[in-house]
$ cat final.pdb   # PDB, C-alpha atoms
ATOM      1  CA  MET A   1     -20.025 -20.448 -18.248
ATOM      2  CA  SER A   2     -17.539 -17.729 -19.086
ATOM      3  CA  LYS A   3     -14.627 -17.638 -21.451
ATOM      4  CA  GLN A   4     -11.280 -16.951 -19.802
ATOM      5  CA  GLU A   5      -7.799 -18.239 -20.571
ATOM      6  CA  VAL A   6      -6.140 -19.055 -17.256
ATOM      7  CA  ALA A   7      -2.415 -19.459 -16.809
ATOM      8  CA  PRO A   8      -1.839 -23.024 -15.616
ATOM      9  CA  ALA A   9       1.700 -22.676 -14.365
ATOM     10  CA  PRO A  10       3.377 -20.150 -12.068
ATOM     11  CA  GLN A  11       6.426 -19.844 -14.348
ATOM     12  CA  THR A  12       4.428 -17.815 -16.831
ATOM     13  CA  ALA A  13       3.223 -15.487 -14.114
ATOM     14  CA  ASP A  14       6.793 -14.996 -12.900
ATOM     15  CA  ALA A  15       7.867 -13.984 -16.367
ATOM     16  CA  ALA A  16       5.043 -11.477 -16.622
ATOM     17  CA  ALA A  17       5.836  -9.906 -13.287
ATOM     18  CA  SER A  18       9.578  -9.674 -13.932
ATOM     19  CA  SER A  19       9.028  -7.476 -16.999
ATOM     20  CA  ASN A  20       8.127  -4.454 -14.874
ATOM     21  CA  GLY A  21       8.916  -5.499 -11.328
ATOM     22  CA  PHE A  22      12.215  -3.617 -11.303
ATOM     23  CA  LEU A  23      10.600  -0.318 -12.280
ATOM     24  CA  LEU A  24       7.996  -0.739  -9.541
ATOM     25  CA  ALA A  25      10.718  -1.517  -6.996
ATOM     26  CA  ILE A  26      12.589   1.670  -7.937
ATOM     27  CA  VAL A  27       9.419   3.778  -7.733
ATOM     28  CA  THR A  28       8.496   2.469  -4.291
ATOM     29  CA  LEU A  29      12.059   2.801  -3.008
ATOM     30  CA  VAL A  30      12.049   6.459  -4.027
ATOM     31  CA  TRP A  31       8.620   6.882  -2.406
ATOM     32  CA  THR A  32       9.719   5.318   0.890
ATOM     33  CA  GLY A  33      13.044   7.121   0.913
ATOM     34  CA  ALA A  34      11.356  10.471   0.365
ATOM     35  CA  MET A  35       8.834   9.826   3.154
ATOM     36  CA  LEU A  36      11.482   8.727   5.645
ATOM     37  CA  TRP A  37      13.830  11.605   4.918
ATOM     38  CA  SER A  38      10.924  14.052   5.071
ATOM     39  CA  ALA A  39       9.928  12.589   8.431
ATOM     40  CA  ARG A  40      13.503  12.839   9.646
ATOM     41  CA  ALA A  41      13.782  16.485   8.550
ATOM     42  CA  THR A  42      10.474  17.343  10.224
ATOM     43  CA  ILE A  43      11.387  15.626  13.481
ATOM     44  CA  THR A  44      14.888  17.084  13.720
ATOM     45  CA  GLY A  45      13.549  20.537  12.866
ATOM     46  CA  ARG A  46      11.482  20.712  16.052
ATOM     47  CA  THR A  47      12.799  22.769  18.938
ATOM     48  CA  ASP A  48      11.409  20.791  21.877
ATOM     49  CA  ALA A  49      10.912  17.164  22.825
ATOM     50  CA  GLU A  50       7.118  17.314  22.817
ATOM     51  CA  MET A  51       6.994  18.506  19.213
ATOM     52  CA  GLU A  52       9.459  15.790  18.224
ATOM     53  CA  VAL A  53       7.187  13.139  19.731
ATOM     54  CA  THR A  54       4.051  14.428  18.007
ATOM     55  CA  SER A  55       5.882  14.739  14.685
ATOM     56  CA  THR A  56       7.046  11.145  15.041
ATOM     57  CA  ALA A  57       3.483  10.012  15.718
ATOM     58  CA  TYR A  58       2.197  11.827  12.629
ATOM     59  CA  ALA A  59       4.907  10.336  10.410
ATOM     60  CA  LEU A  60       4.592   6.771  11.712
ATOM     61  CA  PRO A  61       1.504   5.516   9.751
ATOM     62  CA  GLY A  62       2.772   6.757   6.392
ATOM     63  CA  ALA A  63       6.220   5.268   6.954
ATOM     64  CA  ILE A  64       4.687   1.907   7.869
ATOM     65  CA  SER A  65       2.469   1.876   4.758
ATOM     66  CA  ALA A  66       5.374   2.742   2.497
ATOM     67  CA  GLY A  67       7.538   0.084   4.157
ATOM     68  CA  LEU A  68       4.913  -2.607   3.576
ATOM     69  CA  VAL A  69       4.592  -1.811  -0.115
ATOM     70  CA  THR A  70       8.319  -1.378  -0.732
ATOM     71  CA  GLY A  71       9.214  -4.586   1.074
ATOM     72  CA  SER A  72       6.854  -6.536  -1.196
ATOM     73  CA  THR A  73       7.935  -4.867  -4.452
ATOM     74  CA  VAL A  74      11.660  -5.208  -3.783
ATOM     75  CA  ALA A  75      11.174  -8.840  -2.773
ATOM     76  CA  LEU A  76       9.217  -9.428  -5.989
ATOM     77  CA  ALA A  77      12.017  -7.924  -8.057
ATOM     78  CA  VAL A  78      14.644 -10.059  -6.299
ATOM     79  CA  LEU A  79      12.553 -13.196  -6.877
ATOM     80  CA  ALA A  80      12.162 -12.314 -10.550
ATOM     81  CA  LEU A  81      15.918 -11.879 -10.891
ATOM     82  CA  LEU A  82      16.705 -15.201  -9.222
ATOM     83  CA  SER A  83      13.957 -17.017 -11.160
ATOM     84  CA  ARG A  84      15.725 -16.201 -14.412
ATOM     85  CA  ARG A  85      18.538 -18.528 -13.389
ATOM     86  CA  ARG A  86      16.628 -21.366 -11.745
ATOM     87  CA  GLU A  87      13.169 -22.192 -10.444
ATOM     88  CA  LEU A  88      12.777 -21.569  -6.716
ATOM     89  CA  GLY A  89      10.823 -23.874  -4.457
ATOM     90  CA  ALA A  90       8.146 -22.651  -2.081
ATOM     91  CA  GLY A  91      10.481 -22.586   0.923
ATOM     92  CA  SER A  92      13.254 -20.825  -0.973
ATOM     93  CA  ARG A  93      10.827 -18.231  -2.338
ATOM     94  CA  PHE A  94       9.584 -17.422   1.149
ATOM     95  CA  LEU A  95      13.082 -17.125   2.620
ATOM     96  CA  VAL A  96      14.362 -14.933  -0.203
ATOM     97  CA  ALA A  97      11.275 -12.719  -0.139
ATOM     98  CA  THR A  98      11.284 -12.323   3.636
ATOM     99  CA  GLY A  99      15.021 -11.636   3.678
ATOM    100  CA  SER A 100      14.673  -9.003   0.963
ATOM    101  CA  GLY A 101      11.935  -7.255   2.928
ATOM    102  CA  LEU A 102      14.047  -7.405   6.075
ATOM    103  CA  VAL A 103      16.980  -5.714   4.315
ATOM    104  CA  VAL A 104      14.693  -2.941   3.062
ATOM    105  CA  GLY A 105      13.252  -2.547   6.549
ATOM    106  CA  LEU A 106      16.642  -2.324   8.232
ATOM    107  CA  LEU A 107      17.811   0.340   5.791
ATOM    108  CA  GLY A 108      14.636   2.323   6.415
ATOM    109  CA  ALA A 109      14.977   1.924  10.177
ATOM    110  CA  LEU A 110      18.487   3.386  10.072
ATOM    111  CA  VAL A 111      17.110   6.655   8.718
ATOM    112  CA  ILE A 112      14.928   7.054  11.821
ATOM    113  CA  VAL A 113      17.004   5.394  14.544
ATOM    114  CA  THR A 114      20.077   7.525  13.794
ATOM    115  CA  ILE A 115      18.117  10.671  14.715
ATOM    116  CA  ASN A 116      18.898   9.780  18.323
ATOM    117  CA  THR A 117      20.295   6.343  19.066
ATOM    118  CA  GLU A 118      19.435   6.755  22.768
ATOM    119  CA  GLY A 119      15.787   7.661  22.227
ATOM    120  CA  TRP A 120      13.399   4.707  22.509
ATOM    121  CA  VAL A 121      10.735   6.569  20.488
ATOM    122  CA  TYR A 122      12.898   6.408  17.368
ATOM    123  CA  ALA A 123      13.838   2.819  18.088
ATOM    124  CA  VAL A 124      10.141   1.890  18.221
ATOM    125  CA  MET A 125       9.379   3.704  14.975
ATOM    126  CA  GLY A 126      12.411   2.238  13.227
ATOM    127  CA  GLY A 127      11.613  -1.265  14.452
ATOM    128  CA  THR A 128       7.990  -0.954  13.319
ATOM    129  CA  VAL A 129       9.060   0.176   9.838
ATOM    130  CA  ALA A 130      11.473  -2.765   9.651
ATOM    131  CA  ALA A 131       8.720  -5.170  10.714
ATOM    132  CA  ALA A 132       6.352  -3.721   8.097
ATOM    133  CA  ALA A 133       8.859  -4.146   5.283
ATOM    134  CA  THR A 134       9.591  -7.698   6.408
ATOM    135  CA  ILE A 135       5.886  -8.565   6.386
ATOM    136  CA  GLY A 136       5.572  -7.011   2.932
ATOM    137  CA  GLY A 137       8.472  -9.117   1.709
ATOM    138  CA  ALA A 138       6.887 -12.267   3.125
ATOM    139  CA  LEU A 139       3.649 -11.493   1.255
ATOM    140  CA  ALA A 140       5.623 -11.380  -1.994
ATOM    141  CA  GLY A 141       6.685 -14.980  -1.351
ATOM    142  CA  PHE A 142       3.241 -16.274  -2.325
ATOM    143  CA  ARG A 143       3.140 -17.700  -5.844
ATOM    144  CA  VAL A 144       0.917 -14.951  -7.254
ATOM    145  CA  PRO A 145       3.530 -12.457  -8.513
ATOM    146  CA  ARG A 146       1.137 -10.850 -10.972
ATOM    147  CA  VAL A 147      -1.233  -9.990  -8.136
ATOM    148  CA  VAL A 148       1.564  -8.668  -5.912
ATOM    149  CA  ASN A 149       2.815  -6.556  -8.818
ATOM    150  CA  ALA A 150      -0.681  -5.179  -9.444
ATOM    151  CA  VAL A 151      -1.160  -4.405  -5.739
ATOM    152  CA  GLY A 152       2.133  -2.509  -5.730
ATOM    153  CA  TRP A 153       1.096  -0.265  -8.621
ATOM    154  CA  ALA A 154      -2.356   0.179  -7.079
ATOM    155  CA  SER A 155      -0.732   1.306  -3.814
ATOM    156  CA  VAL A 156       1.346   3.855  -5.725
ATOM    157  CA  ALA A 157      -1.874   5.110  -7.345
ATOM    158  CA  VAL A 158      -3.497   5.497  -3.909
ATOM    159  CA  PHE A 159      -0.517   7.528  -2.719
ATOM    160  CA  VAL A 160      -0.642   9.777  -5.807
ATOM    161  CA  VAL A 161      -4.397  10.389  -5.433
ATOM    162  CA  GLY A 162      -3.970  11.240  -1.749
ATOM    163  CA  PHE A 163      -1.020  13.531  -2.487
ATOM    164  CA  VAL A 164      -2.890  15.455  -5.198
ATOM    165  CA  LEU A 165      -6.086  15.813  -3.153
ATOM    166  CA  ASN A 166      -4.157  17.026  -0.109
ATOM    167  CA  LEU A 167      -2.631  19.780  -2.233
ATOM    168  CA  PHE A 168      -6.145  21.141  -2.797
ATOM    169  CA  GLN A 169      -7.520  20.212   0.615
ATOM    170  CA  GLY A 170      -7.859  23.802   1.788
ATOM    171  CA  PRO A 171      -9.978  25.086  -1.117
ATOM    172  CA  LEU A 172     -12.061  21.906  -1.128
ATOM    173  CA  LEU A 173     -12.832  22.158   2.589
ATOM    174  CA  ASP A 174     -13.751  25.810   2.173
ATOM    175  CA  ALA A 175     -16.129  24.884  -0.646
ATOM    176  CA  LEU A 176     -17.758  22.122   1.422
ATOM    177  CA  SER A 177     -18.178  24.079   4.660
ATOM    178  CA  SER A 178     -19.935  27.273   5.648
ATOM    179  CA  GLY A 179     -17.269  28.376   8.120
ATOM    180  CA  ASP A 180     -18.658  27.279  11.487
ATOM    181  CA  PRO A 181     -16.866  24.511  13.448
ATOM    182  CA  ALA A 182     -19.628  21.921  12.961
ATOM    183  CA  SER A 183     -19.668  22.526   9.221
ATOM    184  CA  GLN A 184     -15.881  22.289   9.020
ATOM    185  CA  ALA A 185     -15.909  18.964  10.875
ATOM    186  CA  SER A 186     -18.577  17.619   8.523
ATOM    187  CA  ALA A 187     -16.610  18.859   5.504
ATOM    188  CA  SER A 188     -13.454  17.129   6.756
ATOM    189  CA  GLN A 189     -15.361  13.877   7.149
ATOM    190  CA  TRP A 190     -16.829  14.079   3.656
ATOM    191  CA  PHE A 191     -13.405  14.952   2.262
ATOM    192  CA  SER A 192     -11.988  11.828   3.907
ATOM    193  CA  TYR A 193     -14.783   9.680   2.483
ATOM    194  CA  GLY A 194     -14.329  11.173  -0.970
ATOM    195  CA  GLN A 195     -10.584  10.644  -0.874
ATOM    196  CA  GLY A 196     -11.086   7.020   0.159
ATOM    197  CA  PHE A 197     -13.582   6.438  -2.642
ATOM    198  CA  LEU A 198     -11.393   8.006  -5.344
ATOM    199  CA  SER A 199      -8.326   6.173  -4.028
ATOM    200  CA  GLY A 200     -10.200   2.858  -4.049
ATOM    201  CA  LEU A 201     -11.462   3.497  -7.572
ATOM    202  CA  ALA A 202      -7.937   4.283  -8.733
ATOM    203  CA  ALA A 203      -6.572   1.184  -6.979
ATOM    204  CA  GLY A 204      -9.145  -1.124  -8.587
ATOM    205  CA  LEU A 205      -8.701   0.268 -12.099
ATOM    206  CA  VAL A 206      -4.906   0.353 -11.916
ATOM    207  CA  ALA A 207      -4.803  -3.231 -10.635
ATOM    208  CA  TYR A 208      -7.138  -4.280 -13.467
ATOM    209  CA  PHE A 209      -5.076  -2.588 -16.185
ATOM    210  CA  VAL A 210      -1.814  -4.020 -14.830
ATOM    211  CA  LEU A 211      -3.217  -7.557 -14.852
ATOM    212  CA  ARG A 212      -4.641  -7.090 -18.360
ATOM    213  CA  ARG A 213      -1.289  -5.832 -19.594
ATOM    214  CA  ASP A 214       0.411  -8.895 -18.136
ATOM    215  CA  ARG A 215      -2.199 -11.022 -19.913
ATOM    216  CA  ARG A 216      -1.298  -9.486 -23.275
ATOM    217  CA  ARG A 217       2.377 -10.146 -22.604
ATOM    218  CA  THR A 218       1.738 -13.847 -21.962
ATOM    219  CA  ASN A 219      -0.289 -14.739 -25.071
ATOM    220  CA  GLU A 220      -3.689 -14.131 -23.461
ATOM    221  CA  LEU A 221      -2.989 -16.312 -20.405
ATOM    222  CA  ASP A 222      -4.847 -14.814 -17.477
ATOM    223  CA  VAL A 223      -5.207 -15.273 -13.737
ATOM    224  CA  PRO A 224      -8.590 -16.480 -12.390
ATOM    225  CA  TRP A 225     -11.043 -13.590 -12.194
ATOM    226  CA  PRO A 226     -11.356 -13.618  -8.357
ATOM    227  CA  LEU A 227      -7.698 -12.585  -8.219
ATOM    228  CA  TYR A 228      -8.673  -9.349  -9.951
ATOM    229  CA  ALA A 229     -10.817  -8.540  -6.934
ATOM    230  CA  LEU A 230      -7.944  -9.458  -4.609
ATOM    231  CA  ALA A 231      -5.567  -7.212  -6.545
ATOM    232  CA  GLY A 232      -8.054  -4.350  -6.433
ATOM    233  CA  ALA A 233      -8.523  -4.772  -2.694
ATOM    234  CA  GLY A 234      -4.802  -5.246  -2.049
ATOM    235  CA  ALA A 235      -3.902  -1.583  -1.553
ATOM    236  CA  GLY A 236      -6.645  -1.191   1.036
ATOM    237  CA  LEU A 237      -5.659  -4.461   2.696
ATOM    238  CA  LEU A 238      -2.082  -3.234   3.077
ATOM    239  CA  LEU A 239      -3.399  -0.032   4.646
ATOM    240  CA  VAL A 240      -5.431  -2.092   7.120
ATOM    241  CA  ILE A 241      -2.309  -4.103   8.009
ATOM    242  CA  ALA A 242      -0.370  -0.854   8.382
ATOM    243  CA  GLU A 243      -3.008   0.516  10.768
ATOM    244  CA  ILE A 244      -2.860  -2.687  12.815
ATOM    245  CA  LEU A 245       0.927  -2.354  13.077
ATOM    246  CA  THR A 246       0.561   1.309  14.011
ATOM    247  CA  ARG A 247      -1.826   0.464  16.847
ATOM    248  CA  THR A 248       0.231  -2.475  18.117
ATOM    249  CA  ALA A 249       3.961  -2.241  17.395
ATOM    250  CA  GLY A 250       3.874   1.563  17.288
ATOM    251  CA  SER A 251       1.357   2.058  20.092
ATOM    252  CA  ARG A 252       3.967   3.386  22.528
ATOM    253  CA  VAL A 253       4.696   6.295  20.191
ATOM    254  CA  LEU A 254       1.008   7.149  19.839
ATOM    255  CA  ASP A 255       0.434   6.827  23.588
ATOM    256  CA  LEU A 256       3.332   9.152  24.350
ATOM    257  CA  ALA A 257       2.056  11.695  21.827
ATOM    258  CA  GLY A 258      -1.374  11.515  23.452
ATOM    259  CA  ARG A 259       0.122  12.487  26.804
ATOM    260  CA  VAL A 260       1.319  15.817  25.464
ATOM    261  CA  SER A 261      -2.158  17.340  25.833
ATOM    262  CA  GLU A 262      -5.835  16.456  25.810
ATOM    263  CA  LEU A 263      -6.126  18.054  22.383
ATOM    264  CA  GLU A 264      -3.316  15.934  21.008
ATOM    265  CA  LEU A 265      -4.933  12.790  22.422
ATOM    266  CA  ALA A 266      -8.215  13.663  20.670
ATOM    267  CA  VAL A 267      -6.361  14.360  17.423
ATOM    268  CA  GLN A 268      -4.555  11.014  17.540
ATOM    269  CA  GLN A 269      -7.807   9.145  18.182
ATOM    270  CA  THR A 270      -9.558  10.981  15.347
ATOM    271  CA  LEU A 271      -6.731  10.336  12.910
ATOM    272  CA  SER A 272      -6.586   6.666  13.860
ATOM    273  CA  GLY A 273     -10.284   6.182  13.183
ATOM    274  CA  ALA A 274     -10.100   8.142   9.933
ATOM    275  CA  ARG A 275      -7.181   6.027   8.668
ATOM    276  CA  LEU A 276      -9.010   2.783   9.361
ATOM    277  CA  ASN A 277     -12.218   3.990   7.730
ATOM    278  CA  SER A 278     -10.316   5.188   4.673
ATOM    279  CA  ALA A 279      -8.452   1.875   4.402
ATOM    280  CA  LEU A 280     -11.701  -0.094   4.510
ATOM    281  CA  ILE A 281     -13.280   2.153   1.872
ATOM    282  CA  ILE A 282     -10.272   1.687  -0.393
ATOM    283  CA  LEU A 283     -10.384  -2.071   0.173
ATOM    284  CA  PHE A 284     -14.046  -2.507  -0.757
ATOM    285  CA  VAL A 285     -14.202   0.070  -3.548
ATOM    286  CA  GLY A 286     -11.000  -1.318  -5.056
ATOM    287  CA  ALA A 287     -12.311  -4.875  -5.010
ATOM    288  CA  ILE A 288     -15.677  -3.895  -6.476
ATOM    289  CA  SER A 289     -14.254  -1.671  -9.222
ATOM    290  CA  ALA A 290     -11.715  -4.306 -10.314
ATOM    291  CA  THR A 291     -14.418  -6.989 -10.349
ATOM    292  CA  ILE A 292     -16.747  -4.831 -12.440
ATOM    293  CA  ALA A 293     -13.924  -3.988 -14.835
ATOM    294  CA  VAL A 294     -12.955  -7.606 -15.466
ATOM    295  CA  GLY A 295     -16.589  -8.689 -15.536
ATOM    296  CA  ARG A 296     -17.240  -6.413 -18.503
ATOM    297  CA  THR A 297     -14.520  -8.203 -20.492
ATOM    298  CA  ILE A 298     -15.621 -11.797 -19.846
ATOM    299  CA  SER A 299     -17.893 -12.951 -22.654
ATOM    300  CA  PRO A 300     -20.278 -15.915 -22.374
ATOM    301  CA  ALA A 301     -19.026 -19.212 -23.776
ATOM    302  CA  PRO A 302     -20.698 -20.176 -27.081
ATOM    303  CA  ASP A 303     -23.518 -22.719 -26.843
ATOM    304  CA  ASP A 304     -22.640 -26.270 -27.704
ATOM    305  CA  GLU A 305     -24.528 -26.967 -30.948
ATOM    306  CA  ASP A 306     -24.252 -30.742 -30.493
ATOM    307  CA  ALA A 307     -25.967 -30.501 -27.115
TER     308      ALA A 307
END

$ encode --input "final.pdb" --output "structure tokens"
Amino acid sequence: MSKQEVAPAPQTADAAASSNGFLLAIVTLVWTGAMLWSARATITGRTDAEMEVTSTAYALPGAISAGLVTGSTVALAVLALLSRRRELGAGSRFLVATGSGLVVGLLGALVIVTINTEGWVYAVMGGTVAAAATIGGALAGFRVPRVVNAVGWASVAVFVVGFVLNLFQGPLLDALSSGDPASQASASQWFSYGQGFLSGLAAGLVAYFVLRRDRRRTNELDVPWPLYALAGAGAGLLLVIAEILTRTAGSRVLDLAGRVSELELAVQQTLSGARLNSALIILFVGAISATIAVGRTISPAPDDEDA
């Protein structure tokens, strides 16, 4: 047996999530806005159509990931705001959450579609971003707001780790390789694995600390311990969903980029495999690290002296 105070009612969890859900929504909105405007500037800065297509293909996975996270965090904040006035039923929660994600997605799609309203490539990318944000909003409709909140912060942590490591990617690859092409390819693979591991570790620990903070704010009421593992794995799970959307809804963009040259086709295939592998590493490492972290805090229940 283990000793753990579990929150029996969802109202308490809603209150815990609403305390910082608005800050998370703002952070992710800034993150998504910066990524979309950066993608727009990169695409419009190209001088020929082929470079525009390849730039769109490179920007697509990151925009989808950001849309998924932002759709869920904004939906969570809207639900927290409405829950202060009255309790929402399951159907109402789902409709509000999905609608909030859809609004976020449409706003994000406008940034891309308005590059060229007659170009189907931008319509596909914009529509895929809108679909991702809508799916993220729908996920926030489940009655586990603490977990959704923790997954949102964990996803931000994964982005920060990736951003910092990419700043030092050049020196790190030089340190890991000896200069020949085979060594450089091996170094790139190990760099990808290392980034996935560190990102998963950050996701698991951040998710754990967010859930523990919410526990302190609710008089030691906690979620069941398996939800810690789900929260730790959440950032990786969203990346897996984003990769699925990239390969399905955004496949026409990737296919068109692959037709530019044989080299570009090989690059797209390599990047696709690397993204999926990294997402799976983040998923499993995040789940394991969060489980270990919460496991260290659960003490055995005292023996029953009467027995």

$ resolve_selection --input "final.pdb" --expression "the PyMOL selection byres ((chain A and resi 53-70) around 6)" --output "list in words"
Thr28, Thr32, Ala39, Ile43, Glu50, Met51, Glu52, Gly71, Ser72, Thr73, Val74, Val129, Ala132, Ala133, Gly136, Ala242, Val253, Leu254 and Ala257 of chain A

$ closest_residue --input "final.pdb" --among "A:Val267, A:Ala90, A:Ala187, A:Leu201" --to "A:Ile288" --atoms "only C-alpha atoms"
A:Leu201

$ atom_distance --input "final.pdb" --atom1 "atom CA of A:Ala123" --atom2 "atom CA of A:Gly250"
10.1 Å

$ residues_around --input "final.pdb" --residues "stretch 139-154 of chain A" --least-positions-apart "5" --cutoff "8 Å" --atoms "all atoms listed in the file" --output "PDB file with C-alpha atoms, in the coordinates of the input"
ATOM      1  CA  PRO A  10       3.377 -20.150 -12.068  1.00  0.00           C
ATOM      2  CA  ALA A  13       3.223 -15.487 -14.114  1.00  0.00           C
ATOM      3  CA  ASP A  14       6.793 -14.996 -12.900  1.00  0.00           C
ATOM      4  CA  ALA A  16       5.043 -11.477 -16.622  1.00  0.00           C
ATOM      5  CA  ALA A  17       5.836  -9.906 -13.287  1.00  0.00           C
ATOM      6  CA  GLY A  21       8.916  -5.499 -11.328  1.00  0.00           C
ATOM      7  CA  LEU A  24       7.996  -0.739  -9.541  1.00  0.00           C
ATOM      8  CA  VAL A  69       4.592  -1.811  -0.115  1.00  0.00           C
ATOM      9  CA  SER A  72       6.854  -6.536  -1.196  1.00  0.00           C
ATOM     10  CA  THR A  73       7.935  -4.867  -4.452  1.00  0.00           C
ATOM     11  CA  ALA A  75      11.174  -8.840  -2.773  1.00  0.00           C
ATOM     12  CA  LEU A  76       9.217  -9.428  -5.989  1.00  0.00           C
ATOM     13  CA  ALA A  90       8.146 -22.651  -2.081  1.00  0.00           C
ATOM     14  CA  ARG A  93      10.827 -18.231  -2.338  1.00  0.00           C
ATOM     15  CA  PHE A  94       9.584 -17.422   1.149  1.00  0.00           C
ATOM     16  CA  LEU A  95      13.082 -17.125   2.620  1.00  0.00           C
ATOM     17  CA  VAL A  96      14.362 -14.933  -0.203  1.00  0.00           C
ATOM     18  CA  ALA A  97      11.275 -12.719  -0.139  1.00  0.00           C
ATOM     19  CA  THR A  98      11.284 -12.323   3.636  1.00  0.00           C
ATOM     20  CA  ALA A 202      -7.937   4.283  -8.733  1.00  0.00           C
ATOM     21  CA  ALA A 203      -6.572   1.184  -6.979  1.00  0.00           C
ATOM     22  CA  GLY A 204      -9.145  -1.124  -8.587  1.00  0.00           C
ATOM     23  CA  VAL A 206      -4.906   0.353 -11.916  1.00  0.00           C
ATOM     24  CA  ALA A 207      -4.803  -3.231 -10.635  1.00  0.00           C
ATOM     25  CA  TYR A 208      -7.138  -4.280 -13.467  1.00  0.00           C
ATOM     26  CA  VAL A 210      -1.814  -4.020 -14.830  1.00  0.00           C
ATOM     27  CA  LEU A 211      -3.217  -7.557 -14.852  1.00  0.00           C
ATOM     28  CA  ASP A 214       0.411  -8.895 -18.136  1.00  0.00           C
ATOM     29  CA  LEU A 227      -7.698 -12.585  -8.219  1.00  0.00           C
ATOM     30  CA  TYR A 228      -8.673  -9.349  -9.951  1.00  0.00           C
ATOM     31  CA  LEU A 230      -7.944  -9.458  -4.609  1.00  0.00           C
ATOM     32  CA  ALA A 231      -5.567  -7.212  -6.545  1.00  0.00           C
ATOM     33  CA  GLY A 232      -8.054  -4.350  -6.433  1.00  0.00           C
ATOM     34  CA  ALA A 233      -8.523  -4.772  -2.694  1.00  0.00           C
ATOM     35  CA  GLY A 234      -4.802  -5.246  -2.049  1.00  0.00           C
ATOM     36  CA  ALA A 235      -3.902  -1.583  -1.553  1.00  0.00           C
TER      37      ALA A 235
END

$ resolve_selection --input "final.pdb" --expression "the PyMOL selection byres ((chain A and resi 198) around 10)" --output "PyMOL selection string"
chain A and resi 158+161-162+165+193-197+199-204+281-282+285-286

$ residues_around --input "final.pdb" --residues "stretch 171-174 of chain A" --least-positions-apart "6" --cutoff "10 Å" --atoms "all atoms listed in the file" --output "short mmCIF file (atom, residue, chain, number, x, y, z; two decimals) with C-alpha atoms, in the frame of the given file"
data_model
loop_
_atom_site.label_atom_id
_atom_site.label_comp_id
_atom_site.auth_asym_id
_atom_site.auth_seq_id
_atom_site.Cartn_x
_atom_site.Cartn_y
_atom_site.Cartn_z
CA LEU A 165 -6.09 15.81 -3.15
CA SER A 183 -19.67 22.53 9.22
CA GLN A 184 -15.88 22.29 9.02
CA ALA A 185 -15.91 18.96 10.88
CA SER A 186 -18.58 17.62 8.52
CA ALA A 187 -16.61 18.86 5.50
CA SER A 188 -13.45 17.13 6.76
CA GLN A 189 -15.36 13.88 7.15
CA TRP A 190 -16.83 14.08 3.66
CA PHE A 191 -13.40 14.95 2.26
#

$ residues_around --input "final.pdb" --residues "A:Val240" --least-positions-apart "5" --cutoff "8 Å" --atoms "only C-alpha atoms" --output "list in words"
Leu276, Ala279 and Leu280 of chain A

$ atom_distance --input "final.pdb" --atom1 "atom CA of A:Ile26" --atom2 "atom CA of A:Thr248"
29.1 Å

$ atom_distance --input "final.pdb" --atom1 "atom CA of A:Val113" --atom2 "atom CA of A:Ser100"
19.9 Å

$ closest_residue --input "final.pdb" --among "A:Leu81, A:Ala229, A:Ala266, A:Gly236" --to "A:Ser278" --atoms "only C-alpha atoms"
A:Gly236

$ residues_around --input "final.pdb" --residues "A:Leu106" --least-positions-apart "4" --cutoff "7 Å" --atoms "all atoms listed in the file" --output "list in words"
Leu102, Leu110 and Ala130 of chain A

$ closest_residue --input "final.pdb" --among "A:Gly127, A:Pro224, A:Gly99, A:Asp48" --to "A:Thr291" --atoms "all atoms listed in the file"
A:Pro224

$ closest_residue --input "final.pdb" --among "A:Gly33, A:Pro226, A:Gly137, A:Gly179" --to "A:Val111" --atoms "all atoms listed in the file"
A:Gly33

$ closest_residue --input "final.pdb" --among "A:Leu265, A:Ser192, A:Ala77, A:Phe209" --to "A:Asn277" --atoms "all atoms listed in the file"
A:Ser192

$ decode --input "final.pdb" --residues "stretch 78-83 of chain A" --atoms "N, CA, C and O atoms" --output "PDB file, in the first residue's frame"
ATOM      1  N   VAL A  78      -9.595  29.165 -21.191  1.00  0.00           N
ATOM      2  CA  VAL A  78     -10.995  29.557 -21.404  1.00  0.00           C
ATOM      3  C   VAL A  78     -11.917  28.737 -20.500  1.00  0.00           C
ATOM      4  O   VAL A  78     -12.858  29.282 -19.892  1.00  0.00           O
ATOM      5  N   LEU A  79     -11.667  27.450 -20.379  1.00  0.00           N
ATOM      6  CA  LEU A  79     -12.469  26.604 -19.492  1.00  0.00           C
ATOM      7  C   LEU A  79     -12.348  27.051 -18.042  1.00  0.00           C
ATOM      8  O   LEU A  79     -13.343  27.068 -17.301  1.00  0.00           O
ATOM      9  N   ALA A  80     -11.144  27.415 -17.634  1.00  0.00           N
ATOM     10  CA  ALA A  80     -10.945  27.881 -16.256  1.00  0.00           C
ATOM     11  C   ALA A  80     -11.713  29.168 -16.008  1.00  0.00           C
ATOM     12  O   ALA A  80     -12.300  29.364 -14.931  1.00  0.00           O
ATOM     13  N   LEU A  81     -11.731  30.048 -16.991  1.00  0.00           N
ATOM     14  CA  LEU A  81     -12.461  31.312 -16.844  1.00  0.00           C
ATOM     15  C   LEU A  81     -13.966  31.070 -16.742  1.00  0.00           C
ATOM     16  O   LEU A  81     -14.641  31.650 -15.880  1.00  0.00           O
ATOM     17  N   LEU A  82     -14.494  30.212 -17.589  1.00  0.00           N
ATOM     18  CA  LEU A  82     -15.927  29.932 -17.563  1.00  0.00           C
ATOM     19  C   LEU A  82     -16.323  29.143 -16.316  1.00  0.00           C
ATOM     20  O   LEU A  82     -17.442  29.309 -15.802  1.00  0.00           O
ATOM     21  N   SER A  83     -15.419  28.290 -15.816  1.00  0.00           N
ATOM     22  CA  SER A  83     -15.737  27.471 -14.645  1.00  0.00           C
ATOM     23  C   SER A  83     -15.837  28.305 -13.382  1.00  0.00           C
ATOM     24  O   SER A  83     -16.400  27.853 -12.378  1.00  0.00           O
TER      25      SER A  83
END
